Each structure stands twice: as C-alpha cells, then as structure tokens.
Amino acid sequence: MDVLALEAKKADALEPEKKAAPRPKPKAPKKAKRIVYFEVEIVDLKTKEKLLLLDKVSERIILIVKFLPILTDPKWYPARQSLRLDPKAKCLRDEDILQTLPVGTTASFYFSDLGPQLTWGTVFLAECAGPLIIYLMFYFRLPFIYSPKYDFTSSKHWIVHLACICHSFHYIKRILETLFVHRISHGTMPLRNIFKNCGYYWSTAAWMAYYINHPLYTTPYYGQQQVNAGLYIFLFCQIGNFSIHVALRNLKTPGSKTKKIPYPTKNPFTWIFWLVSCPNYTYEVGSWIGFTVMTQCVPVAFFTLVAFIQMTVWAKGKHRSYLKEFRDYPTLRSSILPFIL
C-alpha cells in the first residue's frame, strides 16, 4: 500500500507540469497569391504595325499568348507564329513565362509569320517513303528507265538483290521508328522545307539506284569478301542505330520537354555513349559506309560523304547544347567520332 501511495504522489506532482505545457500556436492563414495582369501588345515584325492590344491578360505561358491572334484571323495558329521581344532577338519558346521575361506590365511582342507548317513526323515519313519507292522502281526496271529490252528484267548479280534488301530494310526501319519509337520534341517545320529535304533524299536515292540496278553494273572488285565485310558493317550499325533510338526514347516521358543526359544501358550497343554524344549519327554513317563497301558505287560514296558532313554539324550542335545545359556532362565525350571529332 505504501508503494501505491508513493506512485500516486508522483503522479500528482507531474500533473501541473502537463497542464502547464504550452499549446501549439495556430498556423497563420496562407496569403492569396497576387495575380499579375499584363497589357499584351503584338506588333508586326516587318511593318511595325500594331496587330492586337489586349488589357488585363493574366495568362503566363507564351503558348497562350500565341492563341490571341486567332481572335482576329484563324489562320494564325500557334505553330505558324514567331514571337520575339526584339526584332533581332531569338524566337521565344512556347514554355517561356511572361513573369520571368525582361518585360514590365506592358509586354510588346514582335510577330512574324513562319508560313504553313507540317509536323516533323510527316516530313520524316515523306523523306523515307520516297527513297524506298524510287529505289524499287529502278530495281524492277520499270519502263522508260533503261533500254526497252531491259523492262521488268532482273539482274544476274546477287549483290544487286542484296543491295535492294538492305536499302529497303534501312528505310522501312526508319519509317517504323518514326511511327513507334521516336518522341519528336520539335512540333512543326515550314512546309517549304519538305521540298528541300525530300528533293535531296529522293534525287540521291534515284542516282544510286540507277547505277546499282543498271544492266551494265559491275560487281565489287574483291568479290564475296568485300560484299560480306560491307554487309556485316551495315547490319552491325543498323542494330546499333536502333538501340540508340530506343535508349533516347526511354529518356523522355510522353509530353515532357525536360532534357536529360543520355548514358549507356545494359545493351552493349549503347556503351558508345561513354565516348560519343550522338552515337545515332555515328551508327548511321557506319551503315552507309558498309553499304558503300558492299556496292562499290560512287553515288553511294558521295551520299555517305555528304551525310557525314551534315550529321557532324548536327552532332556538334547537340554536343555544345549538352555542355551548355549540364555542368556535370562527361568531358570525355566527342561529338560523333570518339577522340577525333
């Protein structure tokens, strides 16, 4: 009983301390965010004429501002517009925010028309479908291509048939990648570009197809060994190119424009990422080198050289972009050729 009485006294002694404990202060109510209104003025870049003036615009994204000209003319859809803060400045991005731009409550934008637009996917499909169809026209020797006696005849050289299979495989692969693999970050390009792009791809496809499928075509100098070497290079680089495209696709989430540094995966064909920023171009050039070796055709060699120069320009631009955006970007990487370029 004495022990119980002692415990009771201790409990009574602690009771005032519990009562004296301070109560937590109620949280202060959050202040409502202040809405900033802008006066948006859109000026024609060429004529300096005021096209539109809207007051109390609370929207923040440049893309929303691009919808404003539609109120006056439906043909000015967002992809067709270019908005700048200064006539000589770069075009603003759709995701740019008004509050972060160097403007006051009055924002003046210089408007220019980019012309009718096409999606990049449409352009890619046109670029690839053309060479595929044109090459097959020469392979089957349709009338008015060669002498009439060769109409719808077949070449006696098996390398001609192998070249057709490889060429068709390459462009069918590119079409399927455009449809199911690529996540294209750029929305559109001017309609006029499709004539330039397709004109180059289609004409060079016709040029190389004419000579490879010509009745007087001569086989490679070193015969079977040269053809096999070119075929192995071609197939190796085609698999590598596809592997890189899949790895780049997995970097992006649908609808996101967030950029990440690409790194090698468990796929050995992606390990080249340790040394090169744009291995998709490296493998693409390798494929055409293999096709050149396999066919021993001058037009193919010319196409490969031009493609290498163009892809080097693209790769260097992408490499500079990586270095600018990511401070921790691997310094060992080159643009397109390990340790060289």
# chains A, B, ... in the order shown; residues from 1 in each chain; ligands from 1
$ residues_around --residues "Phe109 of chain A" --least-positions-apart "3" --cutoff "10 Å" --atoms "only C-alpha atoms" --output "PDB file with C-alpha atoms, in the first residue's frame"
ATOM      1  CA  VAL A  40      -0.086  42.498 -74.290  1.00  0.00           C
ATOM      2  CA  GLU A  41       0.777  44.323 -77.489  1.00  0.00           C
ATOM      3  CA  ILE A  42       1.522  42.367 -80.668  1.00  0.00           C
ATOM      4  CA  VAL A  43       3.415  44.257 -83.398  1.00  0.00           C
ATOM      5  CA  ASP A  44       4.134  43.115 -86.944  1.00  0.00           C
ATOM      6  CA  LEU A  45       7.881  42.497 -87.300  1.00  0.00           C
ATOM      7  CA  LYS A  50       0.090  47.134 -84.130  1.00  0.00           C
ATOM      8  CA  VAL A  65      -0.316  34.426 -75.874  1.00  0.00           C
ATOM      9  CA  SER A  82       7.097  33.553 -84.184  1.00  0.00           C
ATOM     10  CA  LEU A  83       7.119  35.940 -81.211  1.00  0.00           C
ATOM     11  CA  ARG A  84      10.174  37.942 -80.133  1.00  0.00           C
ATOM     12  CA  LEU A  85      10.878  40.633 -77.572  1.00  0.00           C
ATOM     13  CA  ASP A  86      13.169  42.385 -80.042  1.00  0.00           C
ATOM     14  CA  PRO A  87      13.215  42.255 -83.867  1.00  0.00           C
ATOM     15  CA  LEU A  92      10.515  32.840 -77.684  1.00  0.00           C
ATOM     16  CA  THR A 106       3.239  46.055 -70.690  1.00  0.00           C
ATOM     17  CA  SER A 112       6.264  37.169 -87.809  1.00  0.00           C
TER      18      SER A 112
END
$ atom_distance --atom1 "atom CA of Gly240 of chain A" --atom2 "atom CA of Leu162 of chain A"
20.3 Å
$ atom_distance --atom1 "atom CA of Arg320 of chain A" --atom2 "atom CA of Pro190 of chain A"
25.0 Å
$ select_by_dssp --residues "segment 80-226 of chain A" --states "strand (DSSP E or B)" --output "JSON, numbers by chain"
{"A": [81, 82, 83, 84, 97, 106, 107, 108, 109, 110, 111, 112, 113, 117, 118, 119, 188, 189, 190]}
$ residues_around --residues "segment 134-143 of chain A" --least-positions-apart "5" --cutoff "9 Å" --atoms "only C-alpha atoms" --output "PyMOL selection string"
chain A and resi 129+148+150-155+160-161+164+167-168+202-203+205-206+208-210+212-214
$ decode --residues "segment 90-129 of chain A" --atoms "N, CA and C atoms" --output "PDB file, in the first residue's frame"
ATOM      1  N   LYS A  90      16.102  36.121 -80.572  1.00  0.00           N
ATOM      2  CA  LYS A  90      15.646  34.783 -80.926  1.00  0.00           C
ATOM      3  C   LYS A  90      14.159  34.642 -80.630  1.00  0.00           C
ATOM      4  N   CYS A  91      13.544  33.672 -81.299  1.00  0.00           N
ATOM      5  CA  CYS A  91      12.125  33.402 -81.061  1.00  0.00           C
ATOM      6  C   CYS A  91      11.923  32.890 -79.643  1.00  0.00           C
ATOM      7  N   LEU A  92      10.845  33.324 -79.020  1.00  0.00           N
ATOM      8  CA  LEU A  92      10.515  32.840 -77.684  1.00  0.00           C
ATOM      9  C   LEU A  92       9.973  31.415 -77.772  1.00  0.00           C
ATOM     10  N   ARG A  93      10.253  30.647 -76.748  1.00  0.00           N
ATOM     11  CA  ARG A  93       9.746  29.276 -76.701  1.00  0.00           C
ATOM     12  C   ARG A  93       8.326  29.272 -76.162  1.00  0.00           C
ATOM     13  N   ASP A  94       7.571  28.241 -76.521  1.00  0.00           N
ATOM     14  CA  ASP A  94       6.187  28.151 -76.062  1.00  0.00           C
ATOM     15  C   ASP A  94       6.092  28.043 -74.550  1.00  0.00           C
ATOM     16  N   GLU A  95       7.100  27.452 -73.920  1.00  0.00           N
ATOM     17  CA  GLU A  95       7.043  27.255 -72.465  1.00  0.00           C
ATOM     18  C   GLU A  95       7.588  28.437 -71.679  1.00  0.00           C
ATOM     19  N   ASP A  96       8.071  29.494 -72.353  1.00  0.00           N
ATOM     20  CA  ASP A  96       8.544  30.687 -71.649  1.00  0.00           C
ATOM     21  C   ASP A  96       7.393  31.334 -70.879  1.00  0.00           C
ATOM     22  N   ILE A  97       7.705  31.909 -69.706  1.00  0.00           N
ATOM     23  CA  ILE A  97       6.699  32.507 -68.831  1.00  0.00           C
ATOM     24  C   ILE A  97       6.859  34.019 -68.822  1.00  0.00           C
ATOM     25  N   LEU A  98       5.743  34.720 -68.928  1.00  0.00           N
ATOM     26  CA  LEU A  98       5.789  36.174 -69.010  1.00  0.00           C
ATOM     27  C   LEU A  98       6.492  36.804 -67.812  1.00  0.00           C
ATOM     28  N   GLN A  99       6.211  36.295 -66.604  1.00  0.00           N
ATOM     29  CA  GLN A  99       6.787  36.909 -65.408  1.00  0.00           C
ATOM     30  C   GLN A  99       8.296  36.778 -65.326  1.00  0.00           C
ATOM     31  N   THR A 100       8.876  35.821 -66.044  1.00  0.00           N
ATOM     32  CA  THR A 100      10.328  35.649 -65.993  1.00  0.00           C
ATOM     33  C   THR A 100      11.038  36.367 -67.133  1.00  0.00           C
ATOM     34  N   LEU A 101      10.288  36.953 -68.050  1.00  0.00           N
ATOM     35  CA  LEU A 101      10.889  37.674 -69.166  1.00  0.00           C
ATOM     36  C   LEU A 101      11.172  39.120 -68.772  1.00  0.00           C
ATOM     37  N   PRO A 102      12.165  39.753 -69.405  1.00  0.00           N
ATOM     38  CA  PRO A 102      12.504  41.143 -69.070  1.00  0.00           C
ATOM     39  C   PRO A 102      11.487  42.127 -69.634  1.00  0.00           C
ATOM     40  N   VAL A 103      10.249  42.052 -69.113  1.00  0.00           N
ATOM     41  CA  VAL A 103       9.187  42.971 -69.530  1.00  0.00           C
ATOM     42  C   VAL A 103       8.507  43.511 -68.289  1.00  0.00           C
ATOM     43  N   GLY A 104       7.881  44.663 -68.436  1.00  0.00           N
ATOM     44  CA  GLY A 104       7.090  45.218 -67.352  1.00  0.00           C
ATOM     45  C   GLY A 104       5.668  44.700 -67.440  1.00  0.00           C
ATOM     46  N   THR A 105       4.754  45.497 -66.927  1.00  0.00           N
ATOM     47  CA  THR A 105       3.358  45.084 -67.014  1.00  0.00           C
ATOM     48  C   THR A 105       2.824  45.234 -68.444  1.00  0.00           C
ATOM     49  N   THR A 106       3.573  45.959 -69.269  1.00  0.00           N
ATOM     50  CA  THR A 106       3.239  46.055 -70.690  1.00  0.00           C
ATOM     51  C   THR A 106       4.246  45.232 -71.485  1.00  0.00           C
ATOM     52  N   ALA A 107       3.778  44.221 -72.157  1.00  0.00           N
ATOM     53  CA  ALA A 107       4.654  43.326 -72.914  1.00  0.00           C
ATOM     54  C   ALA A 107       4.401  43.500 -74.398  1.00  0.00           C
ATOM     55  N   SER A 108       5.445  43.871 -75.124  1.00  0.00           N
ATOM     56  CA  SER A 108       5.352  44.027 -76.574  1.00  0.00           C
ATOM     57  C   SER A 108       6.044  42.853 -77.255  1.00  0.00           C
ATOM     58  N   PHE A 109       5.342  42.204 -78.167  1.00  0.00           N
ATOM     59  CA  PHE A 109       5.888  41.072 -78.899  1.00  0.00           C
ATOM     60  C   PHE A 109       5.900  41.396 -80.390  1.00  0.00           C
ATOM     61  N   TYR A 110       7.014  41.055 -81.038  1.00  0.00           N
ATOM     62  CA  TYR A 110       7.129  41.237 -82.482  1.00  0.00           C
ATOM     63  C   TYR A 110       6.725  39.942 -83.156  1.00  0.00           C
ATOM     64  N   PHE A 111       5.728  40.042 -83.985  1.00  0.00           N
ATOM     65  CA  PHE A 111       5.110  38.879 -84.616  1.00  0.00           C
ATOM     66  C   PHE A 111       5.619  38.709 -86.040  1.00  0.00           C
ATOM     67  N   SER A 112       5.941  37.476 -86.411  1.00  0.00           N
ATOM     68  CA  SER A 112       6.264  37.169 -87.809  1.00  0.00           C
ATOM     69  C   SER A 112       5.616  35.848 -88.188  1.00  0.00           C
ATOM     70  N   ASP A 113       5.283  35.747 -89.446  1.00  0.00           N
ATOM     71  CA  ASP A 113       4.613  34.554 -89.969  1.00  0.00           C
ATOM     72  C   ASP A 113       5.652  33.563 -90.472  1.00  0.00           C
ATOM     73  N   LEU A 114       5.640  32.358 -89.917  1.00  0.00           N
ATOM     74  CA  LEU A 114       6.571  31.312 -90.346  1.00  0.00           C
ATOM     75  C   LEU A 114       6.072  30.550 -91.563  1.00  0.00           C
ATOM     76  N   GLY A 115       4.869  30.862 -91.999  1.00  0.00           N
ATOM     77  CA  GLY A 115       4.301  30.163 -93.142  1.00  0.00           C
ATOM     78  C   GLY A 115       3.595  28.885 -92.730  1.00  0.00           C
ATOM     79  N   PRO A 116       2.923  28.223 -93.669  1.00  0.00           N
ATOM     80  CA  PRO A 116       2.246  26.950 -93.361  1.00  0.00           C
ATOM     81  C   PRO A 116       3.228  25.934 -92.784  1.00  0.00           C
ATOM     82  N   GLN A 117       2.753  25.163 -91.813  1.00  0.00           N
ATOM     83  CA  GLN A 117       3.613  24.235 -91.094  1.00  0.00           C
ATOM     84  C   GLN A 117       3.188  22.788 -91.300  1.00  0.00           C
ATOM     85  N   LEU A 118       4.174  21.895 -91.204  1.00  0.00           N
ATOM     86  CA  LEU A 118       3.935  20.449 -91.204  1.00  0.00           C
ATOM     87  C   LEU A 118       4.594  19.849 -89.975  1.00  0.00           C
ATOM     88  N   THR A 119       4.027  18.773 -89.466  1.00  0.00           N
ATOM     89  CA  THR A 119       4.655  18.101 -88.339  1.00  0.00           C
ATOM     90  C   THR A 119       5.947  17.425 -88.790  1.00  0.00           C
ATOM     91  N   TRP A 120       6.904  17.336 -87.869  1.00  0.00           N
ATOM     92  CA  TRP A 120       8.171  16.689 -88.195  1.00  0.00           C
ATOM     93  C   TRP A 120       7.954  15.232 -88.577  1.00  0.00           C
ATOM     94  N   GLY A 121       6.989  14.587 -87.932  1.00  0.00           N
ATOM     95  CA  GLY A 121       6.713  13.196 -88.265  1.00  0.00           C
ATOM     96  C   GLY A 121       6.295  13.031 -89.710  1.00  0.00           C
ATOM     97  N   THR A 122       5.467  13.946 -90.209  1.00  0.00           N
ATOM     98  CA  THR A 122       5.038  13.900 -91.607  1.00  0.00           C
ATOM     99  C   THR A 122       6.220  14.066 -92.548  1.00  0.00           C
ATOM    100  N   VAL A 123       7.118  14.999 -92.220  1.00  0.00           N
ATOM    101  CA  VAL A 123       8.292  15.235 -93.056  1.00  0.00           C
ATOM    102  C   VAL A 123       9.197  14.006 -93.065  1.00  0.00           C
ATOM    103  N   PHE A 124       9.424  13.409 -91.890  1.00  0.00           N
ATOM    104  CA  PHE A 124      10.272  12.215 -91.809  1.00  0.00           C
ATOM    105  C   PHE A 124       9.701  11.082 -92.649  1.00  0.00           C
ATOM    106  N   LEU A 125       8.386  10.889 -92.581  1.00  0.00           N
ATOM    107  CA  LEU A 125       7.759   9.816 -93.352  1.00  0.00           C
ATOM    108  C   LEU A 125       7.908  10.059 -94.847  1.00  0.00           C
ATOM    109  N   ALA A 126       7.748  11.321 -95.269  1.00  0.00           N
ATOM    110  CA  ALA A 126       7.908  11.640 -96.695  1.00  0.00           C
ATOM    111  C   ALA A 126       9.354  11.440 -97.142  1.00  0.00           C
ATOM    112  N   GLU A 127      10.304  11.815 -96.279  1.00  0.00           N
ATOM    113  CA  GLU A 127      11.719  11.640 -96.616  1.00  0.00           C
ATOM    114  C   GLU A 127      12.082  10.174 -96.805  1.00  0.00           C
ATOM    115  N   CYS A 128      11.465   9.303 -96.022  1.00  0.00           N
ATOM    116  CA  CYS A 128      11.824   7.876 -96.056  1.00  0.00           C
ATOM    117  C   CYS A 128      11.020   7.085 -97.075  1.00  0.00           C
ATOM    118  N   ALA A 129       9.755   7.425 -97.229  1.00  0.00           N
ATOM    119  CA  ALA A 129       8.916   6.672 -98.162  1.00  0.00           C
ATOM    120  C   ALA A 129       9.362   6.899 -99.606  1.00  0.00           C
TER     121      ALA A 129
END
